[in-house]
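Here's the structure, in structure tokens; my notes come after.
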Amino acid sequence: MIASRVEGRRAVASKVVWSVVGWLVVFIFFFPVLWMWLESLKTEPQAASSPPTILFAPTLAEFQEVLSGDFPPFFINSAVASIGSTLLVLILALPAAYALAIRPVGRTRDVLFFFISTRFLPFAASLVPLYLLARDLHLLDNIFALVLIYTTINLPLGVWLLRSFLLEIPNDLFEAARVDGAGFFRELTRIVVPLIAPGIAATSLICLIFSWNEFFYAVNFTSSVAATAPIFLVGFISGRGLFYAKLAAAATLASLPVLLAGWIAQKQLIRGLTMGAVK
Amino acid sequence: MTQIPFALTIYYSFFSWNLLKEGSFRFSGLDNYSRLLTDESIRTAIFNTVLLTLSVIAFSVVIGLGVAMLLNSEVFGKGLMRTLMIAPFLIMPTAGALIWKDTLLNPLFGLLPYLLTPFGLSRVDWVNQFPMVTVVAVEVWRWTPFMMLIILAGLQSQNLEILEAAKVDGANALQTFRRITLPLVRPFIELGALLGSLFVVQTFDSIFMLTYGGPGEDTTNLPFLLYLVAFQGFSIGQASAIGVVAVIITTIVATFALRTLFSIFQVEARR
């Protein structure tokens with residue numbers, strides 16, 4: 001009795017200690033995000049003060065400033081590029097993944113290997129030819145070029161991920177459907193799509209994260225008309241303590257969609273990031 | 001669509017071609033490559049790429065393992081901790097880099113120099129005085145959550161009975177960690193490190209925002225050098241040769257990554 005009570009008290013003590021340590025570490029990692037939010041709610045003099053302002057009356061003035069200024073077109077371009085490319089990836093990857101998972105053709109493993117190897121090819125390998133191609137097709141500073149590029153970047157990942165979800169559907173289901181006389185299209189819409197809804201969510205999330213945050217192609221392929229949200233932030237690069245609050249408000253808005261999507265779909269995040277290897 | 005451009009990259013790498021000069025396109029054989037061998041910049045860039053990748057992966061794996069173990073033990077508010085912890089990975093890299101540079105590290109108005117004043121480090125200009133340390137720190141901040149997520153998934157798939165048995169057998173915490181936990185999560189650590197390094201090798205955003213490759217060439221890695229050569233110098237042939245070198249380095253890493261991926265899928269299939 002006494003021994004177990006001592007044991008119990010020790011367990012509580014260790015839980016408290018490890019909780020404190022854990023929260024401290026989490027606080028350090030989360031702090032830059034929190035600080036970004038705090039700065040965005042300050043006035044410019046408060047945001048660039050020395051010593052830093054800790055207590056202040058929050059204001060949404062900088063958010064209004066950013067949203068009523070030149071930021072919205074950049075945000076809309078980001079939305080077009082990432083949603084457009086994500087939809088294209090889903091449309092193209094679903095049939096390919098279906099073929100590789102449910103009706104394997106010869107040399108499936110080689111095809112898979114080829115697919116995924118393209119995802120590992122560094123951007124540096126294809127930047128120059130794609131740039132020349134876009135230039136010759138007059139697609140520079142055109143959002144359509146970014147949609148296509150993001151589609152090709154994310155497509156291998158989409159195929160690989162969706163396949164890993166498709167493999168989990170029991171084969172009996174397909175056989176039953178075929179016995180009932182369901183055609184390929186019916187099979188796809190009635191069985192495959194509903195069953196791999198989590199897979200589609202995971203794929204969309206990962207495509208969205210990569211294309212929304214993408215900077216390398218965006219900075220080289222766009223200048224004004226088709227520039228995306230990260231490009232808007234480049235404008236703050238030479239800021240000398242004058243626009244910190246505005247910078248923080250813009251950074252908060254630019255990060256918001258991916259942050260929210262990632263937080264809502266945490267389960268899908270891990271599986272997507274590891275290309276289906278870790279559940 | 002991604003393989004054909006690479007073939008073209010190899011093709012261009014044998015030519016001398018300045019985009020700004022009409023008709024400067026001519027075959028130059030291995031000139032671009034021999035220039036790479038003698039060029040100081042490319043050697044610096046390769047060195048910086050390797051240094052950046054290795055240190056970011058090493059730190060983020062170790063810290064990520066620690067945080068994952070904390071989140072896997074009995075603590076208050078696990079779910080919220082995990083949610084807050086993954087935020088640095090989700091924040092737009094360009095936004096994160098700017099927040100670090102201007103509001104946290106700025107020697108005049110930044111929070112960190114202010115907090116470090118009692119330690120005599122108040123006016124340290126981190127971005128200019130310790131550029132590589134700054135880039136590594138920001139990238140570790142970003143990649144630790146990624147490692148943590150993968151390792152945590154590994155820890156959660158652990159068989160609890162083995163751990164209980166170890167405890168009954170009188171194994172202490174360190175022994176349990178070394179003999180049971182570490183071997184079990186090793187495949188997950190490997191996967192995280194390899195996938196992570198494929199991304200970190202390509203680091204561009206934070207270098208562009210934090211240091212623009214400088215001062216001098218102190219933080220210029222291969223992707224950034226390629227950007228400078230292709231879009232500031234307009235030397236298409238030379239840039240292509242750098243691209244080929246980047247691919248060779250990445251391929252070496254990727255081969256190991258793919259092998260790990262396939263072995264995990266095979267273990268799953270056998271279950």
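Labels for the structure tokens follow display order: chains A, B, ..., residues from 1 in each chain, ligands from 1.
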Could you pull out all residues of region 129-204 of chain B with a DSSP call of helix (DSSP H, G or I) and give them as a ChimeraX atom specification? /B:129,131-156,160-168,173-200
Take the residues just selected and output them with C-alpha atoms as a PDB file, in the first residue's frame.
```
ATOM      1  CA  GLN B 129      29.051  38.219 -38.052  1.00  0.00           C
ATOM      2  CA  PRO B 131      26.084  34.105 -41.228  1.00  0.00           C
ATOM      3  CA  MET B 132      26.433  30.314 -41.436  1.00  0.00           C
ATOM      4  CA  VAL B 133      25.450  29.845 -37.793  1.00  0.00           C
ATOM      5  CA  THR B 134      22.346  31.956 -38.442  1.00  0.00           C
ATOM      6  CA  VAL B 135      21.310  30.042 -41.557  1.00  0.00           C
ATOM      7  CA  VAL B 136      21.886  26.703 -39.793  1.00  0.00           C
ATOM      8  CA  ALA B 137      19.915  27.862 -36.735  1.00  0.00           C
ATOM      9  CA  VAL B 138      16.918  29.006 -38.791  1.00  0.00           C
ATOM     10  CA  GLU B 139      16.949  25.794 -40.817  1.00  0.00           C
ATOM     11  CA  VAL B 140      17.246  23.644 -37.663  1.00  0.00           C
ATOM     12  CA  TRP B 141      14.260  25.556 -36.252  1.00  0.00           C
ATOM     13  CA  ARG B 142      12.346  24.637 -39.402  1.00  0.00           C
ATOM     14  CA  TRP B 143      13.408  20.982 -39.761  1.00  0.00           C
ATOM     15  CA  THR B 144      13.323  19.825 -36.125  1.00  0.00           C
ATOM     16  CA  PRO B 145       9.492  19.559 -36.199  1.00  0.00           C
ATOM     17  CA  PHE B 146       9.758  17.416 -39.355  1.00  0.00           C
ATOM     18  CA  MET B 147      12.174  15.000 -37.644  1.00  0.00           C
ATOM     19  CA  MET B 148      10.077  15.075 -34.470  1.00  0.00           C
ATOM     20  CA  LEU B 149       6.919  14.049 -36.360  1.00  0.00           C
ATOM     21  CA  ILE B 150       8.585  11.089 -38.077  1.00  0.00           C
ATOM     22  CA  ILE B 151      10.413   9.858 -34.961  1.00  0.00           C
ATOM     23  CA  LEU B 152       7.274  10.298 -32.830  1.00  0.00           C
ATOM     24  CA  ALA B 153       5.353   8.088 -35.254  1.00  0.00           C
ATOM     25  CA  GLY B 154       8.118   5.518 -34.828  1.00  0.00           C
ATOM     26  CA  LEU B 155       7.987   5.703 -31.049  1.00  0.00           C
ATOM     27  CA  GLN B 156       4.210   5.334 -31.058  1.00  0.00           C
ATOM     28  CA  LEU B 160       4.769  -1.281 -25.093  1.00  0.00           C
ATOM     29  CA  GLU B 161       5.126  -4.816 -23.735  1.00  0.00           C
ATOM     30  CA  ILE B 162       8.811  -4.893 -24.625  1.00  0.00           C
ATOM     31  CA  LEU B 163       9.374  -1.703 -22.634  1.00  0.00           C
ATOM     32  CA  GLU B 164       7.440  -3.107 -19.663  1.00  0.00           C
ATOM     33  CA  ALA B 165       9.473  -6.297 -19.833  1.00  0.00           C
ATOM     34  CA  ALA B 166      12.676  -4.298 -19.858  1.00  0.00           C
ATOM     35  CA  LYS B 167      11.537  -2.401 -16.787  1.00  0.00           C
ATOM     36  CA  VAL B 168      10.683  -5.643 -14.987  1.00  0.00           C
ATOM     37  CA  ALA B 173      16.368   4.424 -18.450  1.00  0.00           C
ATOM     38  CA  LEU B 174      19.655   4.725 -20.357  1.00  0.00           C
ATOM     39  CA  GLN B 175      19.850   0.974 -21.038  1.00  0.00           C
ATOM     40  CA  THR B 176      16.238   0.895 -22.228  1.00  0.00           C
ATOM     41  CA  PHE B 177      16.940   3.841 -24.529  1.00  0.00           C
ATOM     42  CA  ARG B 178      20.100   2.368 -26.038  1.00  0.00           C
ATOM     43  CA  ARG B 179      19.077  -1.272 -26.284  1.00  0.00           C
ATOM     44  CA  ILE B 180      15.379  -1.023 -27.129  1.00  0.00           C
ATOM     45  CA  THR B 181      14.143   2.431 -28.086  1.00  0.00           C
ATOM     46  CA  LEU B 182      17.010   3.421 -30.368  1.00  0.00           C
ATOM     47  CA  PRO B 183      17.127   0.216 -32.433  1.00  0.00           C
ATOM     48  CA  LEU B 184      13.342   0.332 -32.855  1.00  0.00           C
ATOM     49  CA  VAL B 185      13.184   3.931 -34.073  1.00  0.00           C
ATOM     50  CA  ARG B 186      16.388   3.704 -36.104  1.00  0.00           C
ATOM     51  CA  PRO B 187      14.609   3.158 -39.441  1.00  0.00           C
ATOM     52  CA  PHE B 188      12.489   6.236 -38.744  1.00  0.00           C
ATOM     53  CA  ILE B 189      15.528   8.334 -37.871  1.00  0.00           C
ATOM     54  CA  GLU B 190      17.198   7.182 -41.089  1.00  0.00           C
ATOM     55  CA  LEU B 191      14.119   7.975 -43.132  1.00  0.00           C
ATOM     56  CA  GLY B 192      13.795  11.425 -41.571  1.00  0.00           C
ATOM     57  CA  ALA B 193      17.473  12.210 -42.032  1.00  0.00           C
ATOM     58  CA  LEU B 194      17.523  11.108 -45.678  1.00  0.00           C
ATOM     59  CA  LEU B 195      14.270  12.768 -46.753  1.00  0.00           C
ATOM     60  CA  GLY B 196      15.294  15.849 -44.801  1.00  0.00           C
ATOM     61  CA  SER B 197      18.708  16.030 -46.439  1.00  0.00           C
ATOM     62  CA  LEU B 198      17.121  15.883 -49.896  1.00  0.00           C
ATOM     63  CA  PHE B 199      15.250  19.062 -49.005  1.00  0.00           C
ATOM     64  CA  VAL B 200      18.052  20.770 -47.075  1.00  0.00           C
TER      65      VAL B 200
END
```
Which polymer residues have any atom within 10 Å of an atom of Phe224 (chain B), counting only C-alpha atoms, with same-chain residues fewer than 5 positions away left out, as a PyMOL selection string? (chain A and resi 124+216) or (chain B and resi 45+49+202-205+207-208+212-213+219+229-230)
Residues of the last selection are to be written out with C-alpha atoms, as a PDB file, in the first residue's frame.
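The file below, result_11.pdb, is the result:
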```
ATOM      1  CA  ALA A 124      18.679  23.128 -59.968  1.00  0.00           C
ATOM      2  CA  PHE A 216      12.887  29.190 -56.075  1.00  0.00           C
TER       3      PHE A 216
ATOM      4  CA  ALA B  45      29.583  26.352 -52.663  1.00  0.00           C
ATOM      5  CA  THR B  49      26.226  22.837 -49.170  1.00  0.00           C
ATOM      6  CA  GLN B 202      18.214  22.516 -51.935  1.00  0.00           C
ATOM      7  CA  THR B 203      18.028  25.288 -49.312  1.00  0.00           C
ATOM      8  CA  PHE B 204      17.460  28.548 -51.146  1.00  0.00           C
ATOM      9  CA  ASP B 205      14.686  30.582 -49.525  1.00  0.00           C
ATOM     10  CA  ILE B 207      19.722  32.046 -47.743  1.00  0.00           C
ATOM     11  CA  PHE B 208      18.090  34.471 -50.170  1.00  0.00           C
ATOM     12  CA  TYR B 212      21.839  36.627 -49.979  1.00  0.00           C
ATOM     13  CA  GLY B 213      24.732  34.170 -50.024  1.00  0.00           C
ATOM     14  CA  THR B 219      26.726  31.187 -47.202  1.00  0.00           C
ATOM     15  CA  VAL B 229      25.372  32.391 -62.338  1.00  0.00           C
ATOM     16  CA  ALA B 230      22.179  31.855 -64.345  1.00  0.00           C
TER      17      ALA B 230
END
```
Interface residues on chain B facing chain A, 7 Å, only C-alpha atoms, written as an mmCIF file with C-alpha atoms, in the first residue's frame:
```cif
data_model
loop_
_atom_site.group_PDB
_atom_site.id
_atom_site.type_symbol
_atom_site.label_atom_id
_atom_site.label_comp_id
_atom_site.auth_asym_id
_atom_site.auth_seq_id
_atom_site.Cartn_x
_atom_site.Cartn_y
_atom_site.Cartn_z
ATOM 1 C CA MET B 1 8.559 16.449 -67.731
ATOM 2 C CA THR B 2 11.279 16.588 -65.102
ATOM 3 C CA GLN B 3 13.666 14.189 -66.810
ATOM 4 C CA PRO B 5 14.782 19.251 -68.780
ATOM 5 C CA PHE B 6 17.608 17.494 -66.992
ATOM 6 C CA LEU B 8 18.725 19.472 -71.697
ATOM 7 C CA THR B 9 20.701 20.692 -68.686
ATOM 8 C CA LEU B 70 9.161 14.037 -24.419
ATOM 9 C CA GLU B 74 3.567 11.088 -19.690
ATOM 10 C CA VAL B 75 3.232 14.875 -19.978
ATOM 11 C CA PHE B 76 0.409 17.385 -19.707
ATOM 12 C CA MET B 81 2.402 20.663 -27.592
ATOM 13 C CA THR B 83 0.313 21.286 -32.588
ATOM 14 C CA LEU B 84 2.468 24.242 -31.544
ATOM 15 C CA MET B 85 5.670 22.325 -32.265
ATOM 16 C CA ALA B 87 4.232 25.447 -36.613
ATOM 17 C CA PRO B 88 7.837 26.321 -37.638
ATOM 18 C CA LEU B 90 4.394 25.072 -41.751
ATOM 19 C CA ILE B 91 5.337 28.767 -41.713
ATOM 20 C CA MET B 92 6.330 30.026 -45.163
ATOM 21 C CA PRO B 93 10.165 29.756 -45.224
ATOM 22 C CA THR B 94 10.603 33.245 -46.650
ATOM 23 C CA ALA B 95 8.334 34.648 -43.917
ATOM 24 C CA ILE B 99 10.924 37.316 -38.928
ATOM 25 C CA THR B 103 12.472 41.149 -35.509
ATOM 26 C CA LEU B 108 19.260 47.369 -32.825
ATOM 27 C CA PHE B 109 15.618 46.358 -32.510
ATOM 28 C CA LEU B 111 14.525 40.674 -29.249
ATOM 29 C CA TYR B 114 18.088 42.531 -25.969
ATOM 30 C CA TRP B 141 14.260 25.556 -36.252
ATOM 31 C CA LEU B 149 6.919 14.049 -36.360
ATOM 32 C CA ILE B 150 8.585 11.089 -38.077
ATOM 33 C CA ALA B 153 5.353 8.088 -35.254
ATOM 34 C CA LEU B 198 17.121 15.883 -49.896
ATOM 35 C CA GLN B 202 18.214 22.516 -51.935
ATOM 36 C CA PHE B 204 17.460 28.548 -51.146
ATOM 37 C CA ASP B 205 14.686 30.582 -49.525
ATOM 38 C CA MET B 209 16.224 36.239 -47.364
ATOM 39 C CA PRO B 223 21.392 26.246 -55.560
ATOM 40 C CA ILE B 236 23.570 29.313 -69.204
ATOM 41 C CA SER B 240 23.975 23.989 -66.319
ATOM 42 C CA GLY B 243 23.162 21.947 -62.011
ATOM 43 C CA VAL B 244 24.757 18.660 -63.100
ATOM 44 C CA ALA B 246 24.095 19.373 -57.802
ATOM 45 C CA VAL B 247 22.295 16.401 -59.331
ATOM 46 C CA THR B 250 21.710 14.682 -54.645
ATOM 47 C CA ALA B 254 18.656 9.930 -52.925
ATOM 48 C CA LEU B 261 11.854 3.795 -48.322
ATOM 49 C CA ILE B 264 10.182 0.108 -44.915
ATOM 50 C CA PHE B 265 7.483 -0.747 -47.445
#
```
One decimal, Å: what's the distance from CA of Thr220 (chain B) over to CA of Ile46 (chain B), could you say?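 Between CA of Thr220 (chain B) and CA of Ile46 (chain B) the gap is 8.9 Å.
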Neighbouring residues of Ser78 (chain A) were defined as those with any atom within 6 Å, considering only C-alpha atoms; residues of the same chain fewer than 2 positions away were excluded. Please report them as a PyMOL selection string. chain A and resi 75-76+80-81+228-229
Region 197-207 of chain A surroundings by only C-alpha atoms, 6 Å radius, close-in-sequence under 3 positions cut, as a ChimeraX atom specification: /A:86,154,158,162,165,194,210,268,272
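The spacing separating CA of Leu121 (chain B) from CA of Leu98 (chain B) amounts to 21.3 Å.
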CA of Leu104 (chain B) to CA of Ala61 (chain A), distance in Å rounded to a single decimal: 21.8 Å
List the spatial neighbours of Tyr98 (chain A) as JSON, numbers by chain - criterion: any atom at most 9 Å away, only C-alpha atoms, same-chain residues fewer than 3 positions off excluded. {"A": [93, 94, 95, 101, 102, 103, 104, 159, 162, 163, 166, 188, 192]}
